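Below is one structure, written out as structure tokens; comments come after it.
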Amino acid sequence: MSTAFINPLSIPVLGFCAYSGTGKTTLLKQLIPTLNQRGLRLAVLKHAHHNFDVDIPGKDSYEMRKAGARQMLVASHVRWALMTEDAVDGDPDLIHLLQQLEQDKIDLVLVEGFKKLALPKIELHREAVGKPLIFDQDPNVLAIACCADTQLPSDISIAQLDINNVAQIADYVEQYAKNYQAKPQVRPLPLQALSSSGAFLSVRQGLENILNQVTAVTDTETVSLDDAENRVLAADAISPVDVPQHTNSAMDGFAFCGAEPLPEVFEVVGEVRAGYQYQGTLQAGQAVRIMTGAPVPAGADTVQPRENAQEHDGLMTLDSKIKVGQNVRLAGEDIAKGAVALAAGSRLGAAEQGLLASLGFAEFAVTRRPVVAVFSSGDEVCQPGTELKTNCIYDSNRYTIKSMARRLGCEVIDLGIIEDSEAALTAALAGAAQRADMVISSGGVSVGNADYIKKVLAAIGEIHFWRIDMRPGRPLAFGKINDALFFGLPGNPVAAMVAFLMFVQPALRKLAGEQDWQPTLLPAVADETFRSRSGRTEFNRGIAALGTDGKLHVSSTGAQGSGMLSSMVKANCLVIVGEEDERIDAGELVYILPFAELL
């Protein structure tokens, strides 16, 4: 099927599919009252293939809709109806239509049509219509209701019903509704809300603001395969060959022509190993021993595994049924010659380097590494390796930021620790902006009297925002100094790392030329309650692991103070409580962001 179906409702949805003339509507008109009598409250959704009209010309509602009302709701003391003008290209969106139903007032939705969707359905078939069966091409058909004349395969694995026995079909539908178990609803994907409170931007607003200001570097350089690790491809890699180059065997066995009638015995006329080729053309009744990866000889189209065949005195017999074309990999079925093997904007890892090597590429163009200047600010920050002054802390942020930037393939300029003075910060920011594509500081972005970053940035550059409604990491400054992007991260170590993961990382990936990157968010079962405040996105440090039930579970690392770096060491993910939630209880599903890639 071309389009997957994900049920947006907590109640079952069951389709009826058939070719025109089979009698879908006639059956449903008999089935609906039968199911009503059994206590099932039904909704029916029908796919019409024409410009239908449900209103009566001349009536007020009809005239208002035709005059331009996009939606027209007509109500009386017995019913109400909503007509909506919604012209779309192609079929209407079934998911959207289902969401318009009042699911609290119904037990089951019956769908007529939408047969191209991977929708659980019953096939209706009448032999007299002269159309082929659907179920053998559609794995989403759960049962077939057909007439007595229908010839079904002997090995059919789905339920068989009598199309003329409405009570029997009703029994099946009723049992389907009783057995239906809705999939657990994952809470709405966080980071999508666009609301903000006062001077604070939502996480999504902040991220959109940032990415709108990022322009990918255009400089390129040519590198070898060995030097391509973690670089971003600058141009499409076009395959110069078919992959695989030849039609070949997927396993060790015997190659032959699988056309009917198959002989009882095949003459084994040769052997083909990988890297070699059978020079002749196989005739009917002939076979060759063949190894995995070896080219399939002309005249052969099927490979039988060695363990499912017997060879004796140059003759081979089959121990099991075959399917024509089995265990044969066609030339170009992975990548065709002239096709895009790897698109520009792809970040190159082990798999990508291997793919390029398999196509014969020894070198190719990549984008220039983004240059990132990093410094810490604050008189209370001390350089590791020196004596710790009274009332001071060692600088950890600079090292976590540099490490994460390098893992993203950046060239890093370490500017050290800048003292708390307007002149020093002005000089540091102005100089860094001339040398780097991005400048990242930590500390000095809150509201204290000695926090000069905001003031300096306003004087020599521009400020886009400096507060995000999130925890940890609320004081986050973003702006530009000439063409250089600027991030002022919080001073608390965990807050700085979370802000980097959520905001700096996407910006650096886009800056490097990586296209359409999205964070990997996974649903997990919460093993404890996670709390937040409505309107704020909360990032908890979590430990995710596979539970004994086979599901991904997550618990917190314990105390969540934004200065506790040990919580990041223990964690392998962030647990995200979205803006609309004040708490997520144990047993509910929550989204997590694994961060092993950078940390």
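In the structure tokens, chains take the letters A, B, ... in the order shown, each chain's residues start at 1, and ligands count up from 1 in the order shown.
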
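All residues of protein, DNA or RNA that reach within 10 Å of Val498 in chain A, judged by only C-alpha atoms and not counting those fewer than 6 positions away in the chain, are A:Arg471, A:Pro472, A:Gly473, A:Leu489, A:Pro490, A:Val504, A:Phe539, A:Asn540, A:Arg541, A:Ser562, A:Met568, A:Leu574, A:Phe595.
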
*asked:* Let's see if you can do this: from backbone DSSP, list all strand (DSSP E) residues in range 38-128 of chain A, as an NGL selection string.
replied: :A and (42-46 or 71-75 or 80-84 or 108-112 or 117-118 or 121-125)

Using only C-alpha atoms, what does the table of range 523-567 of chain A residues within 12 Å of range 384-405 of chain A look like, with each row giving the shortest atom pair and its distance in Å to one decimal, sorted by chain and ascending number, as a tab-separated table?
residue	atom	partner	partner_atom	distance
A:Gly563	CA	A:Ser396	CA	10.5
A:Met564	CA	A:Ser396	CA	11.4
A:Leu565	CA	A:Ser396	CA	9.1

With N, CA, C and O atoms retained, write the just-selected residues as a PDB file, in the first residue's frame.
ATOM      1  N   GLY A 563      23.321  22.931  38.079  1.00  0.00           N
ATOM      2  CA  GLY A 563      24.775  22.967  38.237  1.00  0.00           C
ATOM      3  C   GLY A 563      25.375  21.599  38.453  1.00  0.00           C
ATOM      4  O   GLY A 563      26.589  21.474  38.662  1.00  0.00           O
ATOM      5  N   MET A 564      24.539  20.545  38.425  1.00  0.00           N
ATOM      6  CA  MET A 564      25.002  19.187  38.765  1.00  0.00           C
ATOM      7  C   MET A 564      25.437  18.447  37.509  1.00  0.00           C
ATOM      8  O   MET A 564      24.650  17.744  36.866  1.00  0.00           O
ATOM      9  N   LEU A 565      26.712  18.597  37.152  1.00  0.00           N
ATOM     10  CA  LEU A 565      27.229  17.907  35.966  1.00  0.00           C
ATOM     11  C   LEU A 565      27.179  16.395  36.103  1.00  0.00           C
ATOM     12  O   LEU A 565      27.113  15.679  35.099  1.00  0.00           O
TER      13      LEU A 565
END

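DSSP on the backbone gives helix (DSSP H, G or I) for these parts of range 397-454 of chain A: A:Asn397, A:Arg398, A:Tyr399, A:Thr400, A:Ile401, A:Lys402, A:Ser403, A:Met404, A:Ala405, A:Arg406, A:Arg407, A:Glu422, A:Ala423, A:Ala424, A:Leu425, A:Thr426, A:Ala427, A:Ala428, A:Leu429, A:Ala430, A:Gly431, A:Ala432, A:Ala433, A:Gln434, A:Arg435, A:Ile453, A:Lys454.
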
*Would you mind telling me which residue in A:Ala216, A:Ile440, A:Thr247, A:Thr529 lies nearest to Phe486 in chain A when using only C-alpha atoms?*
A:Ile440

_Near-Ile106 in chain A list (12 Å; only C-alpha atoms; drop same-chain fewer than 2 positions) as a ChimeraX atom specification_ = /A:9-13,36,39-44,98,101-104,108-110,177

Residue subset to file, keeping C-alpha atoms, as a PDB file, in the first residue's frame:
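Saved file part.pdb follows:
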ATOM      1  CA  LEU A   9      -8.943   7.827  17.503  1.00  0.00           C
ATOM      2  CA  SER A  10      -9.169   5.664  20.623  1.00  0.00           C
ATOM      3  CA  ILE A  11     -11.971   3.602  19.027  1.00  0.00           C
ATOM      4  CA  PRO A  12     -11.638   1.031  16.215  1.00  0.00           C
ATOM      5  CA  VAL A  13     -11.829   1.970  12.548  1.00  0.00           C
ATOM      6  CA  ASN A  36     -27.243  -1.026  16.123  1.00  0.00           C
ATOM      7  CA  GLY A  39     -25.759  -1.995  20.992  1.00  0.00           C
ATOM      8  CA  LEU A  40     -22.936  -0.630  18.836  1.00  0.00           C
ATOM      9  CA  ARG A  41     -23.010   3.126  18.144  1.00  0.00           C
ATOM     10  CA  LEU A  42     -21.669   3.621  14.617  1.00  0.00           C
ATOM     11  CA  ALA A  43     -20.190   6.336  12.470  1.00  0.00           C
ATOM     12  CA  VAL A  44     -19.775   5.793   8.732  1.00  0.00           C
ATOM     13  CA  LEU A  98     -11.693  10.933  11.336  1.00  0.00           C
ATOM     14  CA  LEU A 101     -15.955  12.747  14.479  1.00  0.00           C
ATOM     15  CA  GLU A 102     -17.241  12.941  18.058  1.00  0.00           C
ATOM     16  CA  GLN A 103     -15.570   9.749  19.203  1.00  0.00           C
ATOM     17  CA  ASP A 104     -17.053   9.954  22.702  1.00  0.00           C
ATOM     18  CA  LEU A 108     -16.879   2.053  15.939  1.00  0.00           C
ATOM     19  CA  VAL A 109     -16.183   3.806  12.618  1.00  0.00           C
ATOM     20  CA  LEU A 110     -16.973   1.993   9.370  1.00  0.00           C
ATOM     21  CA  ALA A 177     -14.680  -4.052  18.060  1.00  0.00           C
TER      22      ALA A 177
END

_Surrounding residues of range 544-555 of chain A excluding itself and chain neighbours under 6 positions, 9 Å, only C-alpha atoms, as number ranges by chain_ = A: 522-530, 571-573, 575, 589-590, 592, 594

Written selection (all heavy atoms) as a compact mmCIF listing (two decimals), in the first residue's frame:
# COMPACT_ATOMS: atom_id res chain seq x y z
N LEU A 522 12.25 9.93 20.84
CA LEU A 522 11.68 8.59 20.98
C LEU A 522 10.66 8.56 22.10
O LEU A 522 10.88 9.16 23.16
CB LEU A 522 12.79 7.57 21.27
CG LEU A 522 13.94 7.48 20.28
CD1 LEU A 522 15.00 6.51 20.79
CD2 LEU A 522 13.44 7.03 18.92
N PRO A 523 9.54 7.87 21.91
CA PRO A 523 8.59 7.71 23.01
C PRO A 523 9.07 6.64 23.98
O PRO A 523 9.57 5.59 23.57
CB PRO A 523 7.29 7.28 22.31
CG PRO A 523 7.76 6.61 21.05
CD PRO A 523 9.04 7.27 20.65
N ALA A 524 8.94 6.90 25.27
CA ALA A 524 9.34 5.94 26.30
C ALA A 524 8.32 5.96 27.42
O ALA A 524 7.63 6.96 27.65
CB ALA A 524 10.73 6.27 26.83
N VAL A 525 8.23 4.85 28.14
CA VAL A 525 7.33 4.75 29.29
C VAL A 525 8.00 5.40 30.49
O VAL A 525 9.13 5.04 30.85
CB VAL A 525 6.99 3.28 29.60
CG1 VAL A 525 6.07 3.20 30.82
CG2 VAL A 525 6.34 2.61 28.40
N ALA A 526 7.33 6.36 31.10
CA ALA A 526 7.88 7.01 32.29
C ALA A 526 7.78 6.07 33.49
O ALA A 526 6.69 5.57 33.79
CB ALA A 526 7.13 8.31 32.57
N ASP A 527 8.89 5.82 34.16
CA ASP A 527 8.88 4.96 35.34
C ASP A 527 8.67 5.75 36.62
O ASP A 527 8.66 5.17 37.71
CB ASP A 527 10.19 4.16 35.43
CG ASP A 527 10.21 2.99 34.47
OD1 ASP A 527 9.13 2.62 33.97
OD2 ASP A 527 11.30 2.45 34.21
N GLU A 528 8.52 7.05 36.50
CA GLU A 528 8.25 7.91 37.65
C GLU A 528 7.53 9.15 37.13
O GLU A 528 7.40 9.36 35.92
CB GLU A 528 9.54 8.31 38.37
CG GLU A 528 10.51 9.07 37.47
CD GLU A 528 11.84 9.33 38.18
OE1 GLU A 528 12.68 8.42 38.21
OE2 GLU A 528 11.99 10.45 38.71
N THR A 529 7.05 9.97 38.05
CA THR A 529 6.34 11.19 37.65
C THR A 529 7.34 12.30 37.31
O THR A 529 8.30 12.53 38.06
CB THR A 529 5.41 11.66 38.77
OG1 THR A 529 4.42 10.65 39.01
CG2 THR A 529 4.71 12.96 38.39
N PHE A 530 7.12 12.95 36.18
CA PHE A 530 7.94 14.10 35.78
C PHE A 530 7.04 15.33 35.82
O PHE A 530 5.96 15.34 35.22
CB PHE A 530 8.51 13.90 34.37
CG PHE A 530 9.54 12.82 34.28
CD1 PHE A 530 9.18 11.52 33.95
CD2 PHE A 530 10.88 13.10 34.53
CE1 PHE A 530 10.13 10.52 33.87
CE2 PHE A 530 11.83 12.10 34.45
CZ PHE A 530 11.47 10.81 34.13
N ALA A 571 23.28 10.31 32.90
CA ALA A 571 22.17 10.26 31.95
C ALA A 571 22.60 9.80 30.57
O ALA A 571 23.78 9.89 30.20
CB ALA A 571 21.52 11.64 31.85
N ASN A 572 21.63 9.31 29.81
CA ASN A 572 21.86 9.04 28.38
C ASN A 572 20.82 9.72 27.50
O ASN A 572 20.77 9.49 26.30
CB ASN A 572 21.90 7.53 28.10
CG ASN A 572 20.61 6.82 28.49
OD1 ASN A 572 19.59 7.44 28.77
ND2 ASN A 572 20.68 5.50 28.54
N CYS A 573 19.96 10.55 28.12
CA CYS A 573 18.93 11.23 27.35
C CYS A 573 18.37 12.40 28.16
O CYS A 573 18.59 12.51 29.37
CB CYS A 573 17.78 10.27 26.99
SG CYS A 573 16.83 9.70 28.42
N VAL A 575 14.67 13.96 29.13
CA VAL A 575 13.24 13.66 29.19
C VAL A 575 12.51 14.99 29.02
O VAL A 575 12.69 15.92 29.80
CB VAL A 575 12.86 13.02 30.53
CG1 VAL A 575 11.37 12.64 30.54
CG2 VAL A 575 13.71 11.78 30.79
N LEU A 589 3.39 7.75 28.48
CA LEU A 589 4.47 7.87 27.51
C LEU A 589 4.97 9.31 27.46
O LEU A 589 4.21 10.26 27.53
CB LEU A 589 3.98 7.45 26.12
CG LEU A 589 3.71 5.96 25.93
CD1 LEU A 589 3.19 5.68 24.53
CD2 LEU A 589 4.94 5.12 26.20
N VAL A 590 6.28 9.44 27.32
CA VAL A 590 6.93 10.74 27.27
C VAL A 590 8.00 10.68 26.20
O VAL A 590 8.55 9.61 25.92
CB VAL A 590 7.53 11.10 28.65
CG1 VAL A 590 8.60 10.11 29.05
CG2 VAL A 590 8.08 12.52 28.66
N ILE A 592 11.74 11.31 24.74
CA ILE A 592 13.11 11.48 25.21
C ILE A 592 14.00 11.83 24.02
O ILE A 592 13.70 11.49 22.88
CB ILE A 592 13.65 10.22 25.91
CG1 ILE A 592 13.76 9.05 24.91
CG2 ILE A 592 12.78 9.84 27.11
CD1 ILE A 592 14.49 7.83 25.47
N PRO A 594 17.78 11.13 23.07
CA PRO A 594 19.09 10.54 23.36
C PRO A 594 20.20 11.49 22.94
O PRO A 594 20.09 12.17 21.92
CB PRO A 594 19.09 9.27 22.49
CG PRO A 594 17.66 9.01 22.15
CD PRO A 594 17.02 10.36 22.08

*Take CA of Phe375 in chain A and CA of Thr426 in chain A and report the distance between them in Å, one decimal.*
12.7 Å

*asked:* Give me the residues near Thr84 in chain A as a VMD selection string, where near means some atom within 7 Å (using only C-alpha atoms) and where sequence neighbours in that chain fewer than 2 positions away do not count.
replied: chain A and resid 70 to 72 82 86

*Among the residues A:Ala159, A:Ile32, A:Met251, A:Leu73, the one that comes closest to Glu307 in chain A [using only C-alpha atoms]*: A:Met251

_Measuring between only C-alpha atoms, which one of A:Ile453, A:Ala373, A:Ala294, A:Ala357 shows the shortest distance to Gln434 in chain A?_
A:Ala373

*Pick the closest to Ser239 in chain A from A:Lys24, A:Arg474, A:His96, A:Lys337: which is it, counting only C-alpha atoms?*
A:Lys337

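With only C-alpha atoms as the atoms that count, the residue of A:Val269, A:Leu97, A:Val129, A:Leu508 with the shortest distance to Val232 in chain A is A:Leu508.
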
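Among the candidates A:Val243, A:Ala287, A:Leu152, A:Leu35, the one nearest to Gln168 in chain A when counting only C-alpha atoms is A:Leu35.
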
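A straight line drawn from CA of Asp437 in chain A to CA of Leu408 in chain A is 14.0 Å long.
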
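Residues in contact range of Thr281 in chain A, defined as at most 8 Å between only C-alpha atoms, with sequence neighbours fewer than 4 positions away removed, read A:Pro297, A:Ala298, A:Gly299.
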
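As for CA of Phe200 in chain A and CA of Gly443 in chain A, they are spaced 18.6 Å apart.
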
*For Glu311 in chain A, list every protein, DNA or RNA residue within 10 Å, evaluated using only C-alpha atoms, and leave out those in the same chain fewer than 4 positions away; present the list as a ChimeraX atom specification.*
/A:254,265-268,289,306,315-318
